[in-house]
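Asks: As input, take my_file-v8.pdb (PDB, C-alpha atoms, pLDDT in the B column):
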```
MODEL        1
ATOM      1  CA  MET A   1     120.733  79.460 131.740  1.00 47.00           C
ATOM      2  CA  ASN A   2     117.317  80.621 130.626  1.00 46.00           C
ATOM      3  CA  ASN A   3     114.737  79.779 133.310  1.00 48.00           C
ATOM      4  CA  THR A   4     111.799  81.507 131.618  1.00 44.00           C
ATOM      5  CA  PRO A   5     108.643  79.431 132.218  1.00 45.00           C
ATOM      6  CA  PRO A   6     107.420  77.636 129.105  1.00 49.00           C
ATOM      7  CA  GLN A   7     104.656  79.425 127.213  1.00 48.00           C
ATOM      8  CA  GLN A   8     101.202  77.928 126.890  1.00 53.00           C
ATOM      9  CA  PRO A   9     101.236  75.877 123.650  1.00 58.00           C
ATOM     10  CA  ASN A  10      98.775  76.942 120.976  1.00 63.00           C
ATOM     11  CA  ASP A  11      98.034  73.470 119.626  1.00 89.00           C
ATOM     12  CA  THR A  12      95.473  71.277 121.357  1.00 91.00           C
ATOM     13  CA  ARG A  13      97.825  68.310 121.700  1.00 93.00           C
ATOM     14  CA  GLY A  14     100.438  70.469 123.385  1.00 93.00           C
ATOM     15  CA  ARG A  15      97.873  71.912 125.800  1.00 95.00           C
ATOM     16  CA  ILE A  16      96.662  68.409 126.637  1.00 96.00           C
ATOM     17  CA  LEU A  17     100.227  67.316 127.441  1.00 96.00           C
ATOM     18  CA  GLN A  18     100.795  70.373 129.612  1.00 94.00           C
ATOM     19  CA  ALA A  19      97.549  69.892 131.536  1.00 96.00           C
ATOM     20  CA  ALA A  20      98.171  66.156 131.877  1.00 95.00           C
ATOM     21  CA  ARG A  21     101.644  66.708 133.318  1.00 94.00           C
ATOM     22  CA  LYS A  22     100.218  68.944 136.018  1.00 93.00           C
ATOM     23  CA  GLN A  23      97.418  66.495 136.829  1.00 94.00           C
ATOM     24  CA  PHE A  24      99.734  63.455 136.956  1.00 93.00           C
ATOM     25  CA  ALA A  25     102.210  65.412 139.098  1.00 91.00           C
ATOM     26  CA  ARG A  26      99.450  66.529 141.466  1.00 90.00           C
ATOM     27  CA  ASN A  27      97.434  63.310 141.729  1.00 90.00           C
ATOM     28  CA  GLY A  28      99.587  60.477 140.395  1.00 89.00           C
ATOM     29  CA  TYR A  29      98.555  58.111 137.631  1.00 89.00           C
ATOM     30  CA  ALA A  30      95.732  56.400 139.524  1.00 88.00           C
ATOM     31  CA  GLY A  31      94.308  59.649 140.897  1.00 91.00           C
ATOM     32  CA  THR A  32      94.248  61.511 137.590  1.00 92.00           C
ATOM     33  CA  ARG A  33      90.976  61.620 135.637  1.00 93.00           C
ATOM     34  CA  LEU A  34      90.835  62.282 131.924  1.00 94.00           C
ATOM     35  CA  ASP A  35      87.740  64.394 132.522  1.00 94.00           C
ATOM     36  CA  ASP A  36      89.776  66.781 134.687  1.00 94.00           C
ATOM     37  CA  ILE A  37      92.463  67.071 132.016  1.00 95.00           C
ATOM     38  CA  ALA A  38      89.829  67.837 129.387  1.00 95.00           C
ATOM     39  CA  VAL A  39      88.324  70.541 131.618  1.00 94.00           C
ATOM     40  CA  ASP A  40      91.752  72.147 132.161  1.00 94.00           C
ATOM     41  CA  VAL A  41      92.329  72.256 128.409  1.00 94.00           C
ATOM     42  CA  GLY A  42      88.812  73.508 127.673  1.00 93.00           C
ATOM     43  CA  ILE A  43      87.741  70.587 125.516  1.00 93.00           C
ATOM     44  CA  ARG A  44      85.328  67.667 125.842  1.00 91.00           C
ATOM     45  CA  ARG A  45      86.576  64.211 126.804  1.00 90.00           C
ATOM     46  CA  PRO A  46      85.890  62.710 123.310  1.00 89.00           C
ATOM     47  CA  SER A  47      88.152  65.381 121.805  1.00 91.00           C
ATOM     48  CA  LEU A  48      90.980  64.191 124.031  1.00 92.00           C
ATOM     49  CA  PHE A  49      90.710  60.695 122.549  1.00 92.00           C
ATOM     50  CA  HIS A  50      91.289  62.205 119.118  1.00 91.00           C
ATOM     51  CA  HIS A  51      94.889  62.880 120.218  1.00 94.00           C
ATOM     52  CA  PHE A  52      95.531  60.036 122.702  1.00 94.00           C
ATOM     53  CA  LYS A  53      93.761  56.694 122.581  1.00 91.00           C
ATOM     54  CA  ASP A  54      93.781  56.106 126.353  1.00 93.00           C
ATOM     55  CA  LYS A  55      95.192  57.239 129.695  1.00 92.00           C
ATOM     56  CA  SER A  56      98.274  55.012 129.460  1.00 90.00           C
ATOM     57  CA  THR A  57      99.213  56.423 126.059  1.00 91.00           C
ATOM     58  CA  LEU A  58      98.819  59.969 127.358  1.00 94.00           C
ATOM     59  CA  TYR A  59     100.958  59.169 130.417  1.00 92.00           C
ATOM     60  CA  GLN A  60     103.737  57.784 128.235  1.00 89.00           C
ATOM     61  CA  ALA A  61     103.564  60.851 125.993  1.00 92.00           C
ATOM     62  CA  VAL A  62     103.905  63.121 129.032  1.00 93.00           C
ATOM     63  CA  TRP A  63     107.027  61.242 130.094  1.00 90.00           C
ATOM     64  CA  GLN A  64     108.419  61.239 126.558  1.00 88.00           C
ATOM     65  CA  GLN A  65     108.036  64.997 126.343  1.00 90.00           C
ATOM     66  CA  ALA A  66     109.483  65.623 129.814  1.00 89.00           C
ATOM     67  CA  MET A  67     112.564  63.477 129.235  1.00 87.00           C
ATOM     68  CA  GLU A  68     113.223  64.974 125.806  1.00 87.00           C
ATOM     69  CA  GLU A  69     113.019  68.491 127.282  1.00 88.00           C
ATOM     70  CA  GLN A  70     115.381  67.504 130.076  1.00 87.00           C
ATOM     71  CA  ASP A  71     117.830  65.908 127.665  1.00 86.00           C
ATOM     72  CA  ARG A  72     117.883  68.996 125.445  1.00 87.00           C
ATOM     73  CA  GLN A  73     118.626  71.269 128.390  1.00 87.00           C
ATOM     74  CA  LEU A  74     121.269  69.113 130.048  1.00 87.00           C
ATOM     75  CA  THR A  75     123.152  67.696 127.047  1.00 86.00           C
ATOM     76  CA  PRO A  76     125.236  70.845 126.296  1.00 87.00           C
ATOM     77  CA  TYR A  77     126.655  70.762 129.819  1.00 86.00           C
ATOM     78  CA  PHE A  78     127.938  67.216 129.412  1.00 84.00           C
ATOM     79  CA  GLU A  79     129.410  67.702 125.953  1.00 78.00           C
ATOM     80  CA  GLN A  80     132.350  70.035 126.607  1.00 82.00           C
ATOM     81  CA  PRO A  81     135.576  68.402 125.344  1.00 79.00           C
ATOM     82  CA  GLY A  82     138.679  69.430 127.233  1.00 84.00           C
ATOM     83  CA  THR A  83     136.804  70.408 130.395  1.00 89.00           C
ATOM     84  CA  HIS A  84     138.168  68.841 133.594  1.00 92.00           C
ATOM     85  CA  PRO A  85     135.898  65.993 134.810  1.00 93.00           C
ATOM     86  CA  ILE A  86     135.336  67.639 138.200  1.00 93.00           C
ATOM     87  CA  GLU A  87     134.381  70.953 136.650  1.00 93.00           C
ATOM     88  CA  LEU A  88     132.139  69.088 134.220  1.00 93.00           C
ATOM     89  CA  LEU A  89     130.495  67.369 137.202  1.00 94.00           C
ATOM     90  CA  HIS A  90     129.805  70.790 138.715  1.00 94.00           C
ATOM     91  CA  LEU A  91     128.411  72.178 135.453  1.00 93.00           C
ATOM     92  CA  ALA A  92     126.155  69.159 134.900  1.00 93.00           C
ATOM     93  CA  THR A  93     124.912  69.332 138.488  1.00 94.00           C
ATOM     94  CA  ASP A  94     124.142  73.045 138.157  1.00 93.00           C
ATOM     95  CA  ALA A  95     122.226  72.331 134.944  1.00 92.00           C
ATOM     96  CA  TRP A  96     120.215  69.581 136.637  1.00 93.00           C
ATOM     97  CA  VAL A  97     119.363  71.807 139.611  1.00 92.00           C
ATOM     98  CA  ASP A  98     118.275  74.644 137.318  1.00 91.00           C
ATOM     99  CA  TYR A  99     116.050  72.221 135.414  1.00 91.00           C
ATOM    100  CA  ALA A 100     114.563  70.710 138.577  1.00 90.00           C
ATOM    101  CA  PHE A 101     113.795  74.082 140.194  1.00 88.00           C
ATOM    102  CA  ALA A 102     112.203  75.334 136.968  1.00 89.00           C
ATOM    103  CA  ASN A 103     110.179  72.115 136.524  1.00 89.00           C
ATOM    104  CA  PRO A 104     108.966  70.951 139.957  1.00 86.00           C
ATOM    105  CA  ASP A 105     106.140  69.024 138.284  1.00 89.00           C
ATOM    106  CA  PHE A 106     108.781  66.642 136.926  1.00 89.00           C
ATOM    107  CA  ILE A 107     109.944  65.864 140.484  1.00 87.00           C
ATOM    108  CA  TYR A 108     106.427  65.046 141.680  1.00 88.00           C
ATOM    109  CA  LEU A 109     105.778  63.081 138.489  1.00 88.00           C
ATOM    110  CA  SER A 110     108.881  60.995 139.237  1.00 85.00           C
ATOM    111  CA  LEU A 111     107.976  60.440 142.889  1.00 84.00           C
ATOM    112  CA  TYR A 112     104.477  59.213 142.006  1.00 83.00           C
ATOM    113  CA  ALA A 113     105.878  56.938 139.284  1.00 81.00           C
ATOM    114  CA  VAL A 114     108.312  55.254 141.673  1.00 77.00           C
ATOM    115  CA  ALA A 115     105.884  55.041 144.599  1.00 75.00           C
ATOM    116  CA  SER A 116     103.080  53.532 142.517  1.00 71.00           C
ATOM    117  CA  GLY A 117     105.219  51.206 140.418  1.00 66.00           C
ATOM    118  CA  GLN A 118     104.077  53.121 137.348  1.00 63.00           C
ATOM    119  CA  SER A 119     107.699  53.778 136.345  1.00 61.00           C
ATOM    120  CA  GLU A 120     107.403  50.813 133.976  1.00 60.00           C
ATOM    121  CA  GLU A 121     105.304  53.088 131.773  1.00 62.00           C
ATOM    122  CA  ILE A 122     108.234  55.494 131.268  1.00 67.00           C
ATOM    123  CA  PRO A 123     109.623  55.215 127.707  1.00 62.00           C
ATOM    124  CA  PRO A 124     113.019  53.574 128.366  1.00 61.00           C
ATOM    125  CA  GLU A 125     114.893  55.097 125.447  1.00 64.00           C
ATOM    126  CA  THR A 126     114.508  58.647 126.777  1.00 62.00           C
ATOM    127  CA  ALA A 127     115.505  57.775 130.338  1.00 65.00           C
ATOM    128  CA  ILE A 128     118.535  55.856 129.089  1.00 74.00           C
ATOM    129  CA  GLN A 129     119.842  58.845 127.129  1.00 77.00           C
ATOM    130  CA  THR A 130     120.065  61.066 130.200  1.00 78.00           C
ATOM    131  CA  ILE A 131     121.480  58.370 132.472  1.00 84.00           C
ATOM    132  CA  ASP A 132     124.021  57.404 129.820  1.00 88.00           C
ATOM    133  CA  ARG A 133     125.472  60.925 129.895  1.00 88.00           C
ATOM    134  CA  TRP A 134     126.084  60.694 133.643  1.00 91.00           C
ATOM    135  CA  GLN A 135     127.645  57.260 133.185  1.00 92.00           C
ATOM    136  CA  LYS A 136     130.046  58.533 130.513  1.00 91.00           C
ATOM    137  CA  LEU A 137     131.074  61.441 132.738  1.00 92.00           C
ATOM    138  CA  ILE A 138     131.759  59.127 135.679  1.00 94.00           C
ATOM    139  CA  ASP A 139     133.631  56.644 133.467  1.00 93.00           C
ATOM    140  CA  ARG A 140     135.790  59.441 132.091  1.00 93.00           C
ATOM    141  CA  GLY A 141     136.650  60.662 135.591  1.00 93.00           C
ATOM    142  CA  ILE A 142     137.567  57.131 136.658  1.00 94.00           C
ATOM    143  CA  LYS A 143     139.709  56.633 133.547  1.00 94.00           C
ATOM    144  CA  GLU A 144     141.568  59.893 134.192  1.00 92.00           C
ATOM    145  CA  GLY A 145     142.173  58.918 137.812  1.00 93.00           C
ATOM    146  CA  VAL A 146     140.177  61.682 139.504  1.00 94.00           C
ATOM    147  CA  PHE A 147     136.979  59.784 140.392  1.00 95.00           C
ATOM    148  CA  ASN A 148     136.472  56.835 142.679  1.00 95.00           C
ATOM    149  CA  PRO A 149     134.861  53.769 141.020  1.00 94.00           C
ATOM    150  CA  VAL A 150     131.421  54.568 142.421  1.00 93.00           C
ATOM    151  CA  PRO A 151     128.410  52.745 140.904  1.00 93.00           C
ATOM    152  CA  LEU A 152     126.124  54.952 138.842  1.00 92.00           C
ATOM    153  CA  VAL A 153     123.110  53.949 140.954  1.00 91.00           C
ATOM    154  CA  ASP A 154     124.747  55.512 144.029  1.00 93.00           C
ATOM    155  CA  CYS A 155     125.254  58.834 142.226  1.00 93.00           C
ATOM    156  CA  MET A 156     121.749  58.847 140.743  1.00 91.00           C
ATOM    157  CA  SER A 157     120.208  57.970 144.105  1.00 91.00           C
ATOM    158  CA  LEU A 158     122.003  60.897 145.718  1.00 93.00           C
ATOM    159  CA  ILE A 159     121.033  63.338 142.976  1.00 92.00           C
ATOM    160  CA  ALA A 160     117.403  62.236 142.652  1.00 89.00           C
ATOM    161  CA  GLY A 161     116.829  61.603 146.345  1.00 89.00           C
ATOM    162  CA  MET A 162     118.296  64.863 147.577  1.00 89.00           C
ATOM    163  CA  THR A 163     116.545  66.926 144.896  1.00 89.00           C
ATOM    164  CA  SER A 164     113.181  65.297 145.547  1.00 86.00           C
ATOM    165  CA  PHE A 165     113.466  65.724 149.302  1.00 83.00           C
ATOM    166  CA  TYR A 166     114.577  69.345 149.047  1.00 83.00           C
ATOM    167  CA  LEU A 167     111.899  70.454 146.595  1.00 82.00           C
ATOM    168  CA  THR A 168     109.056  68.677 148.402  1.00 77.00           C
ATOM    169  CA  THR A 169     110.032  69.871 151.897  1.00 69.00           C
ATOM    170  CA  PRO A 170     107.742  72.965 151.788  1.00 60.00           C
ATOM    171  CA  ASN A 171     104.762  70.603 151.710  1.00 55.00           C
ATOM    172  CA  ASN A 172     106.010  68.646 154.709  1.00 51.00           C
ATOM    173  CA  ASN A 173     104.336  69.289 158.064  1.00 54.00           C
ATOM    174  CA  VAL A 174     107.411  68.499 160.174  1.00 53.00           C
ATOM    175  CA  PRO A 175     108.452  71.906 161.613  1.00 55.00           C
ATOM    176  CA  GLN A 176     112.177  71.089 161.691  1.00 53.00           C
ATOM    177  CA  LEU A 177     112.151  70.394 157.946  1.00 51.00           C
ATOM    178  CA  VAL A 178     109.992  73.344 156.946  1.00 50.00           C
ATOM    179  CA  GLY A 179     112.072  75.712 159.042  1.00 52.00           C
ATOM    180  CA  SER A 180     115.307  74.639 157.357  1.00 54.00           C
ATOM    181  CA  TYR A 181     114.010  75.074 153.812  1.00 50.00           C
ATOM    182  CA  THR A 182     115.276  78.150 151.971  1.00 55.00           C
ATOM    183  CA  GLY A 183     114.287  77.549 148.364  1.00 61.00           C
ATOM    184  CA  ASP A 184     117.719  78.851 147.409  1.00 78.00           C
ATOM    185  CA  ARG A 185     118.805  77.291 144.110  1.00 84.00           C
ATOM    186  CA  VAL A 186     122.474  78.217 144.459  1.00 86.00           C
ATOM    187  CA  LEU A 187     122.708  77.032 148.060  1.00 85.00           C
ATOM    188  CA  PHE A 188     121.148  73.703 147.164  1.00 86.00           C
ATOM    189  CA  ALA A 189     123.348  73.275 144.066  1.00 91.00           C
ATOM    190  CA  ASN A 190     126.483  73.838 146.129  1.00 90.00           C
ATOM    191  CA  ARG A 191     125.339  71.334 148.758  1.00 89.00           C
ATOM    192  CA  LEU A 192     124.653  68.746 146.096  1.00 93.00           C
ATOM    193  CA  LYS A 193     128.011  69.363 144.387  1.00 94.00           C
ATOM    194  CA  LEU A 194     129.800  69.045 147.709  1.00 93.00           C
ATOM    195  CA  LEU A 195     128.159  65.693 148.463  1.00 93.00           C
ATOM    196  CA  LEU A 196     128.756  64.392 144.944  1.00 94.00           C
ATOM    197  CA  SER A 197     132.396  65.451 145.151  1.00 93.00           C
ATOM    198  CA  THR A 198     132.745  63.725 148.509  1.00 93.00           C
ATOM    199  CA  LEU A 199     131.334  60.556 146.982  1.00 94.00           C
ATOM    200  CA  LEU A 200     133.134  60.652 143.641  1.00 94.00           C
ATOM    201  CA  VAL A 201     136.307  62.720 143.777  1.00 94.00           C
ATOM    202  CA  LYS A 202     139.535  61.156 144.987  1.00 90.00           C
ATOM    203  CA  PRO A 203     141.020  63.093 147.945  1.00 82.00           C
ATOM    204  CA  GLN A 204     143.864  64.810 146.116  1.00 65.00           C
ATOM    205  CA  GLY A 205     144.560  68.485 146.663  1.00 55.00           C
ATOM    206  CA  ASP A 206     145.074  69.276 142.993  1.00 50.00           C
ATOM    207  CA  ASN A 207     141.615  67.913 142.185  1.00 47.00           C
ATOM    208  CA  VAL A 208     139.770  70.572 144.147  1.00 49.00           C
ATOM    209  CA  LEU A 209     138.101  73.111 141.861  1.00 48.00           C
ATOM    210  CA  PRO A 210     135.935  76.026 143.003  1.00 48.00           C
ATOM    211  CA  PHE A 211     132.205  75.962 142.365  1.00 46.00           C
ATOM    212  CA  ARG A 212     131.254  78.321 139.562  1.00 48.00           C
ATOM    213  CA  ARG A 213     127.878  79.970 140.166  1.00 47.00           C
TER     214      ARG A 213
ENDMDL
END
```
So, in terms of structure tokens, how does the structure I just supplied come out?

Replies:
Amino acid sequence: MNNTPPQQPNDTRGRILQAARKQFARNGYAGTRLDDIAVDVGIRRPSLFHHFKDKSTLYQAVWQQAMEEQDRQLTPYFEQPGTHPIELLHLATDAWVDYAFANPDFIYLSLYAVASGQSEEIPPETAIQTIDRWQKLIDRGIKEGVFNPVPLVDCMSLIAGMTSFYLTTPNNNVPQLVGSYTGDRVLFANRLKLLLSTLLVKPQGDNVLPFRR
């Protein structure tokens, strides 16, 4: 997978979205000032309103862009007909981990949204697309008799919770947590796959597939 950092967009609207994502991820919705975003972009505040009518509209546009990017990167790993459900689970998990490690701002953006109750501002259609792909994968595994009937919310809580905790640990002041952090993408992906498999996969010997990394 290509993990090359995204280039700075040339258009003003794109640069506003990029600067806004960093500000919202760093300070949350309430703590982000439009003046600071304008300064980061190198424009005046009135120029920002030419592209986005208010802070709420800009916040929703940031989420729209982030979810569309995520969906584009992850979709190919879900849509592989003929691939065993367990292997598909591993591939999708690897793709998610690669995305999360390459886009830590998205993790902080998500944490602030949940903690502040601002998640209601997230455009629902984009979030539903990504979640729907996980649901279809789980449903397929259940139908084929290799997955336990685990609710989607349990799987998403494990994926989101573990990823958020792991990627934000370096900023934690608890020595035991900081000392155990490695920043190793492959190590984390394998841990997450192991826990997901423990939760989802029925304990049958012929269902065990090696992790491919």

Asks: From the options A:Asp105, A:Glu87, A:Asp132, A:Glu144, which residue's atoms come nearest to Leu167 in chain A, counting all atoms listed in the file?

Replies: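 With all atoms listed in the file as the atom set, the closest residue is A:Asp105.
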
Asks: For Gly28 in chain A, find every residue with an atom within 8 Å (counting all atoms listed in the file), except residues of its own chain fewer than 3 positions away, and show them as an MDAnalysis selection string.

Replies: chainID A and resid 23:25 31:32 109 112:113

Asks: Which residue, A:Thr163, A:Gln73, A:Gln65, A:Asn148, has the smallest gap to Gln18 in chain A when you use all atoms listed in the file?

Replies: A:Gln65

Asks: Choose the residue, out of A:Trp134, A:Tyr166, A:Trp63, A:Tyr108, that has the smallest atom-to-atom separation from Phe78 in chain A; count all atoms listed in the file.

Replies: A:Trp134

Asks: Looking at only C-alpha atoms, which of A:Leu58, A:Leu34, A:Ala102, A:Leu89 is the one that sits closest to Gly14 in chain A?

Replies: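 The closest residue to Gly14 in chain A is A:Leu58.
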
Asks: Apply the PyMOL selection byres ((chain A and resi 52) around 12) to the file shown and report the selected residues as a ChimeraX atom specification.

Replies: /A:12-14,16-17,20,34,38,45-51,53-62

Asks: Mind dumping the selected residues with C-alpha atoms as an mmCIF file, keeping the file's coordinate frame?

Replies:
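selection.cif, written as the output of this step:
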```cif
data_model
loop_
_atom_site.group_PDB
_atom_site.id
_atom_site.type_symbol
_atom_site.label_atom_id
_atom_site.label_comp_id
_atom_site.auth_asym_id
_atom_site.auth_seq_id
_atom_site.Cartn_x
_atom_site.Cartn_y
_atom_site.Cartn_z
ATOM 1 C CA THR A 12 95.473 71.277 121.357
ATOM 2 C CA ARG A 13 97.825 68.310 121.700
ATOM 3 C CA GLY A 14 100.438 70.469 123.385
ATOM 4 C CA ILE A 16 96.662 68.409 126.637
ATOM 5 C CA LEU A 17 100.227 67.316 127.441
ATOM 6 C CA ALA A 20 98.171 66.156 131.877
ATOM 7 C CA LEU A 34 90.835 62.282 131.924
ATOM 8 C CA ALA A 38 89.829 67.837 129.387
ATOM 9 C CA ARG A 45 86.576 64.211 126.804
ATOM 10 C CA PRO A 46 85.890 62.710 123.310
ATOM 11 C CA SER A 47 88.152 65.381 121.805
ATOM 12 C CA LEU A 48 90.980 64.191 124.031
ATOM 13 C CA PHE A 49 90.710 60.695 122.549
ATOM 14 C CA HIS A 50 91.289 62.205 119.118
ATOM 15 C CA HIS A 51 94.889 62.880 120.218
ATOM 16 C CA LYS A 53 93.761 56.694 122.581
ATOM 17 C CA ASP A 54 93.781 56.106 126.353
ATOM 18 C CA LYS A 55 95.192 57.239 129.695
ATOM 19 C CA SER A 56 98.274 55.012 129.460
ATOM 20 C CA THR A 57 99.213 56.423 126.059
ATOM 21 C CA LEU A 58 98.819 59.969 127.358
ATOM 22 C CA TYR A 59 100.958 59.169 130.417
ATOM 23 C CA GLN A 60 103.737 57.784 128.235
ATOM 24 C CA ALA A 61 103.564 60.851 125.993
ATOM 25 C CA VAL A 62 103.905 63.121 129.032
#
```

Asks: Determine, counting all atoms listed in the file, which protein, DNA and RNA residues have an atom within 12 Å of an atom of Gln80 in chain A; residues of the same chain fewer than 4 positions away are not included. Present the result as a list of chain:residue names.

Replies: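 Neighbouring residues, sequence-local ones excluded: A:Leu74, A:Thr75, A:Pro76, A:His84, A:Pro85, A:Glu87, A:Leu88, A:Leu89, A:Leu91, A:Ala92, A:Arg133, A:Leu137.
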
Asks: Please report the interatomic distance between CA of Gln129 in chain A and CA of Glu68 in chain A in Å with one decimal.

Replies: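 Those two atoms sit 9.1 Å apart.
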
Asks: Counting all atoms listed in the file, which residue out of A:Ile142, A:Val114, A:Ile128, A:Ala19 sits closest to Ile37 in chain A?

Replies: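 So, comparing all the options, the nearest one is A:Ala19.
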
Asks: To one decimal in Å, tell me the separation between CA of Phe165 in chain A and CA of Leu111 in chain A.

Replies: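 For CA of Phe165 in chain A relative to CA of Leu111 in chain A, the distance reads 10.0 Å.
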
Asks: Considering only C-alpha atoms, can you say which of A:Thr130, A:Tyr29, A:Asp139, A:Phe106 comes closest to Tyr77 in chain A?

Replies: A:Thr130

Asks: Take CA of Ala95 in chain A and CA of Arg26 in chain A and report the distance between them in Å, one decimal.

Replies: 24.4 Å

Asks: Please produce, as CSV, a per-residue contact table for range 70-155 of chain A versus range 195-204 of chain A (criterion: any atom at most 10 Å away, all atoms listed in the file considered), showing the nearest atom pair and its distance in Å to one decimal, sorted by chain then residue number.

Replies:
```
residue,atom,partner,partner_atom,distance
A:Pro85,CA,A:Val201,CA,9.6
A:Ile86,CA,A:Val201,CA,7.5
A:Leu89,CA,A:Ser197,CA,8.4
A:His90,CA,A:Ser197,CA,8.8
A:Thr93,CA,A:Leu196,CA,9.0
A:Ile138,CA,A:Leu200,CA,8.2
A:Gly141,CA,A:Val201,CA,8.4
A:Ile142,CA,A:Leu200,CA,9.0
A:Gly145,CA,A:Lys202,CA,8.0
A:Val146,CA,A:Lys202,CA,5.5
A:Phe147,CA,A:Val201,CA,4.5
A:Asn148,CA,A:Leu200,CA,5.2
A:Pro149,CA,A:Leu200,CA,7.6
A:Val150,CA,A:Leu200,CA,6.4
A:Pro151,CA,A:Leu200,CA,9.6
A:Asp154,CA,A:Leu199,CA,8.8
A:Cys155,CA,A:Leu196,CA,7.1
```

Asks: At a cut-off of 8 Å, using all atoms listed in the file, what residues contact Arg185 in chain A? Leave out same-chain residues fewer than 2 positions from it and give the result as an MDAnalysis selection string.

Replies: chainID A and resid 97:98 101 183 187:189

Asks: Write out the residues from the selection above, keeping C-alpha atoms, as a PDB file, keeping the file's coordinate frame.

Replies:
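Wrote it out as part-v4.pdb, contents follow:
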```pdb
ATOM      1  CA  VAL A  97     119.363  71.807 139.611  1.00 92.00           C
ATOM      2  CA  ASP A  98     118.275  74.644 137.318  1.00 91.00           C
ATOM      3  CA  PHE A 101     113.795  74.082 140.194  1.00 88.00           C
ATOM      4  CA  GLY A 183     114.287  77.549 148.364  1.00 61.00           C
ATOM      5  CA  LEU A 187     122.708  77.032 148.060  1.00 85.00           C
ATOM      6  CA  PHE A 188     121.148  73.703 147.164  1.00 86.00           C
ATOM      7  CA  ALA A 189     123.348  73.275 144.066  1.00 91.00           C
TER       8      ALA A 189
END
```

Asks: Would you place a box with edges along x, y and z of the file around all atoms of range 13-24 of chain A listed there, add 4 Å to each of its six sides, and report the centre and edge lengths in Å to one decimal, as JSON?

Replies:
```
{"center_x": 99.2, "center_y": 67.7, "center_z": 129.3, "size_x": 13.0, "size_y": 16.5, "size_z": 23.3}
```

Asks: Please, can range 130-141 of chain A be completed to N, CA, C and O atoms and returned as a PDB file, in the frame of the given file?

Replies:
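Resulting contents of out_13.pdb:
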```pdb
ATOM      1  N   THR A 130     119.598  60.185 129.139  1.00 78.00           N
ATOM      2  CA  THR A 130     120.065  61.066 130.200  1.00 78.00           C
ATOM      3  C   THR A 130     121.008  60.339 131.141  1.00 78.00           C
ATOM      4  O   THR A 130     122.071  60.858 131.500  1.00 78.00           O
ATOM      5  N   ILE A 131     120.640  59.140 131.554  1.00 84.00           N
ATOM      6  CA  ILE A 131     121.480  58.370 132.472  1.00 84.00           C
ATOM      7  C   ILE A 131     122.820  58.034 131.833  1.00 84.00           C
ATOM      8  O   ILE A 131     123.864  58.039 132.490  1.00 84.00           O
ATOM      9  N   ASP A 132     122.792  57.751 130.526  1.00 88.00           N
ATOM     10  CA  ASP A 132     124.021  57.404 129.820  1.00 88.00           C
ATOM     11  C   ASP A 132     125.023  58.554 129.858  1.00 88.00           C
ATOM     12  O   ASP A 132     126.240  58.324 129.927  1.00 88.00           O
ATOM     13  N   ARG A 133     124.557  59.779 129.851  1.00 88.00           N
ATOM     14  CA  ARG A 133     125.472  60.925 129.895  1.00 88.00           C
ATOM     15  C   ARG A 133     126.182  60.999 131.246  1.00 88.00           C
ATOM     16  O   ARG A 133     127.378  61.299 131.313  1.00 88.00           O
ATOM     17  N   TRP A 134     125.448  60.731 132.319  1.00 91.00           N
ATOM     18  CA  TRP A 134     126.084  60.694 133.643  1.00 91.00           C
ATOM     19  C   TRP A 134     127.098  59.548 133.718  1.00 91.00           C
ATOM     20  O   TRP A 134     128.182  59.701 134.278  1.00 91.00           O
ATOM     21  N   GLN A 135     126.740  58.404 133.155  1.00 92.00           N
ATOM     22  CA  GLN A 135     127.645  57.260 133.185  1.00 92.00           C
ATOM     23  C   GLN A 135     128.953  57.568 132.448  1.00 92.00           C
ATOM     24  O   GLN A 135     130.042  57.231 132.930  1.00 92.00           O
ATOM     25  N   LYS A 136     128.846  58.203 131.287  1.00 91.00           N
ATOM     26  CA  LYS A 136     130.046  58.533 130.513  1.00 91.00           C
ATOM     27  C   LYS A 136     130.931  59.524 131.261  1.00 91.00           C
ATOM     28  O   LYS A 136     132.161  59.433 131.212  1.00 91.00           O
ATOM     29  N   LEU A 137     130.308  60.474 131.953  1.00 92.00           N
ATOM     30  CA  LEU A 137     131.074  61.441 132.738  1.00 92.00           C
ATOM     31  C   LEU A 137     131.822  60.735 133.872  1.00 92.00           C
ATOM     32  O   LEU A 137     133.012  60.996 134.096  1.00 92.00           O
ATOM     33  N   ILE A 138     131.121  59.856 134.579  1.00 94.00           N
ATOM     34  CA  ILE A 138     131.759  59.127 135.679  1.00 94.00           C
ATOM     35  C   ILE A 138     132.874  58.228 135.152  1.00 94.00           C
ATOM     36  O   ILE A 138     133.984  58.177 135.720  1.00 94.00           O
ATOM     37  N   ASP A 139     132.619  57.525 134.056  1.00 93.00           N
ATOM     38  CA  ASP A 139     133.631  56.644 133.467  1.00 93.00           C
ATOM     39  C   ASP A 139     134.875  57.433 133.057  1.00 93.00           C
ATOM     40  O   ASP A 139     136.011  56.967 133.240  1.00 93.00           O
ATOM     41  N   ARG A 140     134.649  58.619 132.498  1.00 93.00           N
ATOM     42  CA  ARG A 140     135.790  59.441 132.091  1.00 93.00           C
ATOM     43  C   ARG A 140     136.620  59.856 133.306  1.00 93.00           C
ATOM     44  O   ARG A 140     137.863  59.823 133.277  1.00 93.00           O
ATOM     45  N   GLY A 141     135.936  60.262 134.388  1.00 93.00           N
ATOM     46  CA  GLY A 141     136.650  60.662 135.591  1.00 93.00           C
ATOM     47  C   GLY A 141     137.446  59.516 136.199  1.00 93.00           C
ATOM     48  O   GLY A 141     138.567  59.703 136.682  1.00 93.00           O
TER      49      GLY A 141
END
```
